[in-house]
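Colleague: Mind having a look at this structure? Questions to follow.
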Amino acid sequence: MSDGTVPIHDPIVDAYRAHYTGSFAKHGPTSRGVDWGEWPDVHIRYGKMLEVIEGPAWDARPSLLDLGCGFGGLLDFVRGRGLNLDYRGVDIVPEMIAHARQTHPDIAFDIGDVLGFADEPIADYVVCNGILTLKLESSILDMDRFARRMIRKMFSLCRRGIAFNMMTSHVNFMAPNLYYKNPLEIMSFCATELSRRFRIDHAYPLYEFTVYVYRDLQPSPKRG
């Protein structure tokens, strides 16, 4: 890439690349191709990602960086609803990016690992849909470390806010390849390391939750 990206060799990233390359080769540009269930559930998740954009921000055509964009499904969702958004997608699977570029030649789709991006804001909002729900064969400890690195990096890249989803630990069954977290633990992490402006949506009908974290753009009121 031409934006100063530094190549990162992380075993979890390598495992993701192999996994999603295989799923896309088998299923193509479909919800199965990104290993993400059926379309109705996918559309719920797309909607949840876009809820990071605060109402008034839509008037100024906000910019959004979609990490793990796959073949551009979120962009299709945005355009299908006539939303005014300056979109950029990034993914580690070349075949997915090739498809996205072919179907959306007017949009910037890049091949790259976000962990190699410089720590500086490049979009108003940064979203990560699905990446932090899957651990494959990684240990929980290694995935915990990876998730925190990813969330910190996302926040360093945003001007206004970020959104990401995770599998909730409030379930009665856990699949060994998925990554489950207690929402309270993630809430504490965000409040301690990122910003006091955050919220968690645990109310939609999937076994997951979406986290929204915002920069504090207004000066704190003076006391005294």
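Labels for the structure tokens follow display order: chains A, B, ..., residues from 1 in each chain, ligands from 1.
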Let's see if you can do this: from backbone DSSP, list all strand (DSSP E or B) residues in region 19-223 of chain A, as a ChimeraX atom specification.
Modeller: /A:63-67,86-91,108-111,123-128,134,158-168,178,180-181,197-201,208-214
Colleague: Would you mind exporting N, CA and C atoms of the selected residues as a compact mmCIF listing (two decimals), in the first residue's frame?
Modeller:
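out_33.txt, freshly written:
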```txt
# COMPACT_ATOMS: atom_id res chain seq x y z
N SER A 63 -16.70 10.13 6.60
CA SER A 63 -15.84 9.08 6.04
C SER A 63 -15.84 7.88 6.96
N LEU A 64 -15.77 6.69 6.36
CA LEU A 64 -15.80 5.45 7.13
C LEU A 64 -14.78 4.48 6.58
N LEU A 65 -13.97 3.93 7.46
CA LEU A 65 -13.00 2.90 7.12
C LEU A 65 -13.54 1.56 7.60
N ASP A 66 -13.70 0.63 6.66
CA ASP A 66 -14.28 -0.69 6.93
C ASP A 66 -13.15 -1.71 6.97
N LEU A 67 -12.77 -2.14 8.18
CA LEU A 67 -11.68 -3.10 8.35
C LEU A 67 -12.22 -4.52 8.23
N ASP A 86 -18.55 8.56 2.63
CA ASP A 86 -17.24 8.45 1.98
C ASP A 86 -16.58 7.17 2.50
N TYR A 87 -16.62 6.13 1.72
CA TYR A 87 -16.27 4.78 2.17
C TYR A 87 -14.88 4.37 1.68
N ARG A 88 -14.17 3.63 2.52
CA ARG A 88 -12.91 2.98 2.14
C ARG A 88 -12.87 1.61 2.79
N GLY A 89 -12.47 0.59 2.04
CA GLY A 89 -12.41 -0.76 2.56
C GLY A 89 -11.00 -1.31 2.57
N VAL A 90 -10.70 -2.14 3.58
CA VAL A 90 -9.39 -2.78 3.71
C VAL A 90 -9.60 -4.23 4.11
N ASP A 91 -8.85 -5.12 3.48
CA ASP A 91 -8.94 -6.54 3.83
C ASP A 91 -7.59 -7.20 3.55
N ALA A 108 -12.08 3.17 -3.06
CA ALA A 108 -10.75 2.72 -2.64
C ALA A 108 -10.87 1.44 -1.82
N PHE A 109 -10.39 0.34 -2.36
CA PHE A 109 -10.28 -0.93 -1.65
C PHE A 109 -8.81 -1.31 -1.61
N ASP A 110 -8.27 -1.53 -0.43
CA ASP A 110 -6.85 -1.81 -0.27
C ASP A 110 -6.62 -3.17 0.37
N ILE A 111 -5.52 -3.79 -0.02
CA ILE A 111 -5.06 -5.02 0.62
C ILE A 111 -4.08 -4.62 1.71
N ALA A 123 -9.97 8.42 9.09
CA ALA A 123 -11.39 8.43 8.76
C ALA A 123 -12.17 8.90 9.98
N ASP A 124 -13.35 9.44 9.73
CA ASP A 124 -14.19 9.86 10.85
C ASP A 124 -14.56 8.66 11.72
N TYR A 125 -14.97 7.58 11.06
CA TYR A 125 -15.42 6.39 11.78
C TYR A 125 -14.69 5.16 11.24
N VAL A 126 -14.39 4.24 12.14
CA VAL A 126 -13.74 2.98 11.78
C VAL A 126 -14.59 1.84 12.33
N VAL A 127 -14.92 0.88 11.47
CA VAL A 127 -15.74 -0.25 11.90
C VAL A 127 -15.01 -1.57 11.62
N CYS A 128 -15.32 -2.55 12.41
CA CYS A 128 -14.73 -3.89 12.29
C CYS A 128 -15.85 -4.90 12.54
N LEU A 134 -14.23 -14.38 15.87
CA LEU A 134 -13.68 -15.66 15.42
C LEU A 134 -12.25 -15.81 15.93
N CYS A 158 -9.39 6.67 14.03
CA CYS A 158 -10.65 7.40 13.87
C CYS A 158 -10.53 8.85 14.33
N ARG A 159 -11.35 9.68 13.71
CA ARG A 159 -11.49 11.07 14.17
C ARG A 159 -12.66 11.21 15.15
N ARG A 160 -13.67 10.37 14.98
CA ARG A 160 -14.87 10.51 15.79
C ARG A 160 -15.20 9.25 16.61
N GLY A 161 -15.22 8.08 15.99
CA GLY A 161 -15.62 6.91 16.76
C GLY A 161 -15.38 5.61 16.03
N ILE A 162 -15.56 4.51 16.76
CA ILE A 162 -15.38 3.16 16.21
C ILE A 162 -16.56 2.28 16.61
N ALA A 163 -16.72 1.20 15.86
CA ALA A 163 -17.71 0.17 16.19
C ALA A 163 -17.12 -1.20 15.88
N PHE A 164 -17.36 -2.15 16.77
CA PHE A 164 -16.93 -3.53 16.53
C PHE A 164 -17.87 -4.45 17.28
N ASN A 165 -17.95 -5.70 16.82
CA ASN A 165 -18.82 -6.67 17.49
C ASN A 165 -18.03 -7.87 17.99
N MET A 166 -18.62 -8.53 19.01
CA MET A 166 -18.03 -9.72 19.62
C MET A 166 -19.15 -10.68 20.00
N MET A 167 -18.80 -11.95 20.10
CA MET A 167 -19.75 -12.93 20.61
C MET A 167 -19.90 -12.71 22.12
N THR A 168 -21.12 -12.76 22.61
CA THR A 168 -21.34 -12.57 24.04
C THR A 168 -21.10 -13.85 24.82
N LEU A 178 -15.14 -19.90 17.92
CA LEU A 178 -15.60 -18.53 18.09
C LEU A 178 -14.98 -17.89 19.33
N TYR A 180 -15.64 -15.52 22.47
CA TYR A 180 -16.69 -14.99 23.34
C TYR A 180 -16.08 -14.10 24.42
N LYS A 181 -16.75 -12.98 24.69
CA LYS A 181 -16.28 -12.08 25.74
C LYS A 181 -17.44 -11.61 26.60
N ARG A 197 -16.62 8.05 26.55
CA ARG A 197 -17.81 8.06 25.69
C ARG A 197 -17.92 6.72 24.96
N PHE A 198 -18.73 5.83 25.47
CA PHE A 198 -18.91 4.51 24.86
C PHE A 198 -20.30 4.01 25.17
N ARG A 199 -20.75 3.04 24.41
CA ARG A 199 -22.01 2.35 24.69
C ARG A 199 -21.93 0.95 24.10
N ILE A 200 -22.73 0.04 24.64
CA ILE A 200 -22.78 -1.34 24.18
C ILE A 200 -24.23 -1.70 23.86
N ASP A 201 -24.44 -2.27 22.69
CA ASP A 201 -25.76 -2.74 22.29
C ASP A 201 -25.78 -4.27 22.39
N GLU A 208 -24.47 -11.92 20.25
CA GLU A 208 -23.30 -11.05 20.19
C GLU A 208 -23.68 -9.68 20.73
N PHE A 209 -22.71 -8.78 20.73
CA PHE A 209 -22.98 -7.39 21.10
C PHE A 209 -22.09 -6.49 20.26
N THR A 210 -22.51 -5.25 20.09
CA THR A 210 -21.73 -4.26 19.35
C THR A 210 -21.30 -3.16 20.29
N VAL A 211 -20.06 -2.76 20.18
CA VAL A 211 -19.48 -1.73 21.04
C VAL A 211 -19.22 -0.48 20.20
N TYR A 212 -19.58 0.67 20.75
CA TYR A 212 -19.34 1.96 20.12
C TYR A 212 -18.49 2.80 21.07
N VAL A 213 -17.39 3.34 20.57
CA VAL A 213 -16.52 4.19 21.38
C VAL A 213 -16.25 5.47 20.60
N TYR A 214 -16.37 6.60 21.29
CA TYR A 214 -16.25 7.90 20.63
C TYR A 214 -15.16 8.75 21.27
```
Colleague: Sorted by chain and rising residue number, which residues of region 88-115 of chain A lie within 12 Å of region 16-37 of chain A, and what are their closest atom pairs and distances in Å to one decimal, counting only C-alpha atoms, as CSV?
Modeller:
```
residue,atom,partner,partner_atom,distance
A:Asp91,CA,A:Arg17,CA,9.1
A:Ile92,CA,A:Arg17,CA,6.2
A:Val93,CA,A:Arg17,CA,5.8
A:Pro94,CA,A:Thr21,CA,8.3
A:Glu95,CA,A:Thr21,CA,7.3
A:Met96,CA,A:Phe24,CA,7.3
A:Ile97,CA,A:Pro29,CA,10.7
A:Ala98,CA,A:Pro29,CA,11.1
A:His99,CA,A:Pro29,CA,7.9
A:Ala100,CA,A:Pro29,CA,9.1
A:Gln102,CA,A:Pro29,CA,12.0
A:Thr103,CA,A:Pro29,CA,10.7
A:Ile111,CA,A:Arg17,CA,11.3
A:Gly112,CA,A:Arg17,CA,10.8
A:Asp113,CA,A:Arg17,CA,10.1
```
Colleague: I'd like the neighbourhood of Met143 (chain A) as a list in words, where a residue qualifies if any of its atoms comes within 12 Å (using only C-alpha atoms), though same-chain residues fewer than 3 positions away should be ignored.
Modeller: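 Once the nearby chain positions are removed, what remains is Asp10, Pro11, Ile12, Val13, Ala15, Tyr16, Ile131, Leu132, Thr133, Leu134, Lys135, Leu136, Glu137, Ser138, Ser139, Ile140, Phe146, Ala147, Arg148, Arg149, Met150, Met166, Asn177, Leu178, Tyr179, Tyr180 and Lys181 of chain A.
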Colleague: Go ahead and save the residues from that selection, with N, CA and C atoms, as a PDB file, in the first residue's frame.
Modeller:
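File produced: again.pdb:
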```pdb
ATOM      1  N   ASP A  10       1.593 -11.760  11.967  1.00  0.00           N
ATOM      2  CA  ASP A  10       0.939 -12.195  13.187  1.00  0.00           C
ATOM      3  C   ASP A  10       0.273 -13.539  12.904  1.00  0.00           C
ATOM      4  N   PRO A  11       0.458 -14.540  13.765  1.00  0.00           N
ATOM      5  CA  PRO A  11      -0.123 -15.859  13.486  1.00  0.00           C
ATOM      6  C   PRO A  11      -1.648 -15.835  13.396  1.00  0.00           C
ATOM      7  N   ILE A  12      -2.310 -14.949  14.145  1.00  0.00           N
ATOM      8  CA  ILE A  12      -3.764 -14.872  14.061  1.00  0.00           C
ATOM      9  C   ILE A  12      -4.181 -14.269  12.729  1.00  0.00           C
ATOM     10  N   VAL A  13      -3.479 -13.235  12.287  1.00  0.00           N
ATOM     11  CA  VAL A  13      -3.765 -12.649  10.973  1.00  0.00           C
ATOM     12  C   VAL A  13      -3.538 -13.676   9.873  1.00  0.00           C
ATOM     13  N   ALA A  15      -3.746 -16.904  10.121  1.00  0.00           N
ATOM     14  CA  ALA A  15      -4.820 -17.894  10.188  1.00  0.00           C
ATOM     15  C   ALA A  15      -6.109 -17.349   9.593  1.00  0.00           C
ATOM     16  N   TYR A  16      -6.408 -16.082   9.872  1.00  0.00           N
ATOM     17  CA  TYR A  16      -7.580 -15.448   9.267  1.00  0.00           C
ATOM     18  C   TYR A  16      -7.478 -15.446   7.743  1.00  0.00           C
ATOM     19  N   ILE A 131     -14.539  -9.644  12.596  1.00  0.00           N
ATOM     20  CA  ILE A 131     -13.176 -10.125  12.837  1.00  0.00           C
ATOM     21  C   ILE A 131     -12.995 -10.605  14.270  1.00  0.00           C
ATOM     22  N   LEU A 132     -13.524  -9.862  15.227  1.00  0.00           N
ATOM     23  CA  LEU A 132     -13.312 -10.189  16.634  1.00  0.00           C
ATOM     24  C   LEU A 132     -14.359 -11.132  17.202  1.00  0.00           C
ATOM     25  N   THR A 133     -15.034 -11.864  16.325  1.00  0.00           N
ATOM     26  CA  THR A 133     -15.941 -12.923  16.776  1.00  0.00           C
ATOM     27  C   THR A 133     -15.357 -14.309  16.548  1.00  0.00           C
ATOM     28  N   LEU A 134     -14.227 -14.376  15.869  1.00  0.00           N
ATOM     29  CA  LEU A 134     -13.680 -15.659  15.424  1.00  0.00           C
ATOM     30  C   LEU A 134     -12.253 -15.808  15.930  1.00  0.00           C
ATOM     31  N   LYS A 135     -11.985 -16.931  16.608  1.00  0.00           N
ATOM     32  CA  LYS A 135     -10.615 -17.173  17.062  1.00  0.00           C
ATOM     33  C   LYS A 135      -9.973 -18.364  16.361  1.00  0.00           C
ATOM     34  N   LEU A 136     -10.765 -19.155  15.634  1.00  0.00           N
ATOM     35  CA  LEU A 136     -10.265 -20.346  14.959  1.00  0.00           C
ATOM     36  C   LEU A 136      -9.576 -21.254  15.974  1.00  0.00           C
ATOM     37  N   GLU A 137      -8.286 -21.536  15.809  1.00  0.00           N
ATOM     38  CA  GLU A 137      -7.592 -22.426  16.742  1.00  0.00           C
ATOM     39  C   GLU A 137      -6.702 -21.677  17.727  1.00  0.00           C
ATOM     40  N   SER A 138      -6.785 -20.362  17.743  1.00  0.00           N
ATOM     41  CA  SER A 138      -5.966 -19.576  18.671  1.00  0.00           C
ATOM     42  C   SER A 138      -6.444 -19.778  20.103  1.00  0.00           C
ATOM     43  N   SER A 139      -5.534 -19.609  21.044  1.00  0.00           N
ATOM     44  CA  SER A 139      -5.911 -19.687  22.450  1.00  0.00           C
ATOM     45  C   SER A 139      -6.699 -18.436  22.831  1.00  0.00           C
ATOM     46  N   ILE A 140      -7.464 -18.529  23.877  1.00  0.00           N
ATOM     47  CA  ILE A 140      -8.229 -17.365  24.350  1.00  0.00           C
ATOM     48  C   ILE A 140      -7.283 -16.252  24.772  1.00  0.00           C
ATOM     49  N   PHE A 146      -4.720 -10.067  20.933  1.00  0.00           N
ATOM     50  CA  PHE A 146      -4.953  -9.590  19.569  1.00  0.00           C
ATOM     51  C   PHE A 146      -6.121  -8.611  19.524  1.00  0.00           C
ATOM     52  N   ALA A 147      -7.214  -8.955  20.202  1.00  0.00           N
ATOM     53  CA  ALA A 147      -8.407  -8.103  20.184  1.00  0.00           C
ATOM     54  C   ALA A 147      -8.100  -6.729  20.751  1.00  0.00           C
ATOM     55  N   ARG A 148      -7.362  -6.677  21.821  1.00  0.00           N
ATOM     56  CA  ARG A 148      -7.040  -5.383  22.426  1.00  0.00           C
ATOM     57  C   ARG A 148      -6.136  -4.562  21.515  1.00  0.00           C
ATOM     58  N   ARG A 149      -5.192  -5.219  20.866  1.00  0.00           N
ATOM     59  CA  ARG A 149      -4.351  -4.509  19.887  1.00  0.00           C
ATOM     60  C   ARG A 149      -5.210  -3.945  18.766  1.00  0.00           C
ATOM     61  N   MET A 150      -6.136  -4.738  18.273  1.00  0.00           N
ATOM     62  CA  MET A 150      -6.986  -4.314  17.167  1.00  0.00           C
ATOM     63  C   MET A 150      -7.872  -3.128  17.568  1.00  0.00           C
ATOM     64  N   MET A 166     -18.619  -8.529  19.007  1.00  0.00           N
ATOM     65  CA  MET A 166     -18.031  -9.719  19.618  1.00  0.00           C
ATOM     66  C   MET A 166     -19.146 -10.679  20.003  1.00  0.00           C
ATOM     67  N   ASN A 177     -14.485 -22.550  17.855  1.00  0.00           N
ATOM     68  CA  ASN A 177     -13.780 -21.668  16.922  1.00  0.00           C
ATOM     69  C   ASN A 177     -14.172 -20.205  17.058  1.00  0.00           C
ATOM     70  N   LEU A 178     -15.138 -19.897  17.924  1.00  0.00           N
ATOM     71  CA  LEU A 178     -15.598 -18.530  18.086  1.00  0.00           C
ATOM     72  C   LEU A 178     -14.981 -17.894  19.330  1.00  0.00           C
ATOM     73  N   TYR A 179     -15.001 -16.565  19.351  1.00  0.00           N
ATOM     74  CA  TYR A 179     -14.372 -15.805  20.429  1.00  0.00           C
ATOM     75  C   TYR A 179     -15.453 -15.092  21.229  1.00  0.00           C
ATOM     76  N   TYR A 180     -15.639 -15.515  22.473  1.00  0.00           N
ATOM     77  CA  TYR A 180     -16.690 -14.995  23.339  1.00  0.00           C
ATOM     78  C   TYR A 180     -16.076 -14.096  24.419  1.00  0.00           C
ATOM     79  N   LYS A 181     -16.750 -12.981  24.694  1.00  0.00           N
ATOM     80  CA  LYS A 181     -16.278 -12.081  25.740  1.00  0.00           C
ATOM     81  C   LYS A 181     -17.435 -11.611  26.603  1.00  0.00           C
TER      82      LYS A 181
END
```
Colleague: How many Å separate CA of Gly130 (chain A) from CA of Ile53 (chain A)?
Modeller: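 Between these atoms lies a distance of 18.3 Å.
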Colleague: Work out how far apart CA of Ala191 (chain A) and CA of Met174 (chain A) are and give it in Å to one decimal.
Modeller: 26.8 Å
Colleague: Could you pull the residues within 10 Å of region 76-82 of chain A, counting only C-alpha atoms, minus those fewer than 5 positions along the same chain, as a ChimeraX atom specification?
Modeller: /A:42-43,46-47,50,71,87,103-104
Colleague: Extract the full set of helix (DSSP H, G or I) residues from region 149-205 of chain A according to DSSP on the backbone, and format it as a PyMOL selection string.
Modeller: chain A and resi 149-157+183-193
Colleague: Now that the selection is made, can you save its residues with N, CA and C atoms as a JSON list (two decimals), in the first residue's frame?
Modeller:
```
[["chain", "number", "residue", "atom", "x", "y", "z"],
["A", 149, "ARG", "N", -5.19, -5.22, 20.87],
["A", 149, "ARG", "CA", -4.35, -4.51, 19.89],
["A", 149, "ARG", "C", -5.21, -3.94, 18.77],
["A", 150, "MET", "N", -6.14, -4.74, 18.27],
["A", 150, "MET", "CA", -6.99, -4.31, 17.17],
["A", 150, "MET", "C", -7.87, -3.13, 17.57],
["A", 151, "ILE", "N", -8.47, -3.20, 18.75],
["A", 151, "ILE", "CA", -9.36, -2.13, 19.20],
["A", 151, "ILE", "C", -8.57, -0.84, 19.41],
["A", 152, "ARG", "N", -7.41, -0.94, 20.03],
["A", 152, "ARG", "CA", -6.58, 0.25, 20.20],
["A", 152, "ARG", "C", -6.21, 0.86, 18.85],
["A", 153, "LYS", "N", -5.84, 0.01, 17.90],
["A", 153, "LYS", "CA", -5.48, 0.50, 16.58],
["A", 153, "LYS", "C", -6.66, 1.18, 15.90],
["A", 154, "MET", "N", -7.83, 0.59, 15.98],
["A", 154, "MET", "CA", -9.02, 1.20, 15.41],
["A", 154, "MET", "C", -9.23, 2.61, 15.95],
["A", 155, "PHE", "N", -9.09, 2.73, 17.26],
["A", 155, "PHE", "CA", -9.36, 4.04, 17.88],
["A", 155, "PHE", "C", -8.31, 5.06, 17.45],
["A", 156, "SER", "N", -7.08, 4.62, 17.23],
["A", 156, "SER", "CA", -6.04, 5.55, 16.78],
["A", 156, "SER", "C", -6.30, 6.05, 15.36],
["A", 157, "LEU", "N", -7.08, 5.29, 14.58],
["A", 157, "LEU", "CA", -7.34, 5.64, 13.18],
["A", 157, "LEU", "C", -8.58, 6.50, 12.99],
["A", 183, "PRO", "N", -19.38, -8.76, 28.11],
["A", 183, "PRO", "CA", -19.52, -7.34, 27.76],
["A", 183, "PRO", "C", -18.99, -6.40, 28.82],
["A", 184, "LEU", "N", -19.10, -6.77, 30.10],
["A", 184, "LEU", "CA", -18.61, -5.90, 31.17],
["A", 184, "LEU", "C", -17.09, -5.76, 31.11],
["A", 185, "GLU", "N", -16.40, -6.82, 30.72],
["A", 185, "GLU", "CA", -14.94, -6.75, 30.60],
["A", 185, "GLU", "C", -14.54, -5.79, 29.48],
["A", 186, "ILE", "N", -15.24, -5.88, 28.35],
["A", 186, "ILE", "CA", -14.94, -4.99, 27.23],
["A", 186, "ILE", "C", -15.30, -3.55, 27.58],
["A", 187, "MET", "N", -16.40, -3.36, 28.29],
["A", 187, "MET", "CA", -16.79, -2.02, 28.71],
["A", 187, "MET", "C", -15.70, -1.41, 29.59],
["A", 188, "SER", "N", -15.16, -2.17, 30.52],
["A", 188, "SER", "CA", -14.10, -1.68, 31.40],
["A", 188, "SER", "C", -12.85, -1.33, 30.61],
["A", 189, "PHE", "N", -12.49, -2.17, 29.65],
["A", 189, "PHE", "CA", -11.32, -1.90, 28.82],
["A", 189, "PHE", "C", -11.48, -0.59, 28.05],
["A", 190, "CYS", "N", -12.64, -0.41, 27.42],
["A", 190, "CYS", "CA", -12.86, 0.80, 26.63],
["A", 190, "CYS", "C", -12.84, 2.05, 27.50],
["A", 191, "ALA", "N", -13.48, 1.97, 28.66],
["A", 191, "ALA", "CA", -13.53, 3.14, 29.55],
["A", 191, "ALA", "C", -12.15, 3.47, 30.11],
["A", 192, "THR", "N", -11.35, 2.47, 30.36],
["A", 192, "THR", "CA", -10.03, 2.68, 30.97],
["A", 192, "THR", "C", -8.99, 3.13, 29.96],
["A", 193, "GLU", "N", -9.02, 2.54, 28.76],
["A", 193, "GLU", "CA", -7.93, 2.77, 27.81],
["A", 193, "GLU", "C", -8.29, 3.67, 26.64]]
```
Colleague: For Arg45 (chain A), which residue out of A:Arg61, A:Leu206, A:Asn172, A:Leu115 is the nearest one, using only C-alpha atoms?
Modeller: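 Closest residue, counting only C-alpha atoms: A:Leu206.
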Colleague: Using CA of Asn129 (chain A) and CA of Ile44 (chain A) as the two end points, give the distance in Å to one decimal.
Modeller: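 Separating CA of Asn129 (chain A) from CA of Ile44 (chain A) is a distance of 11.0 Å.
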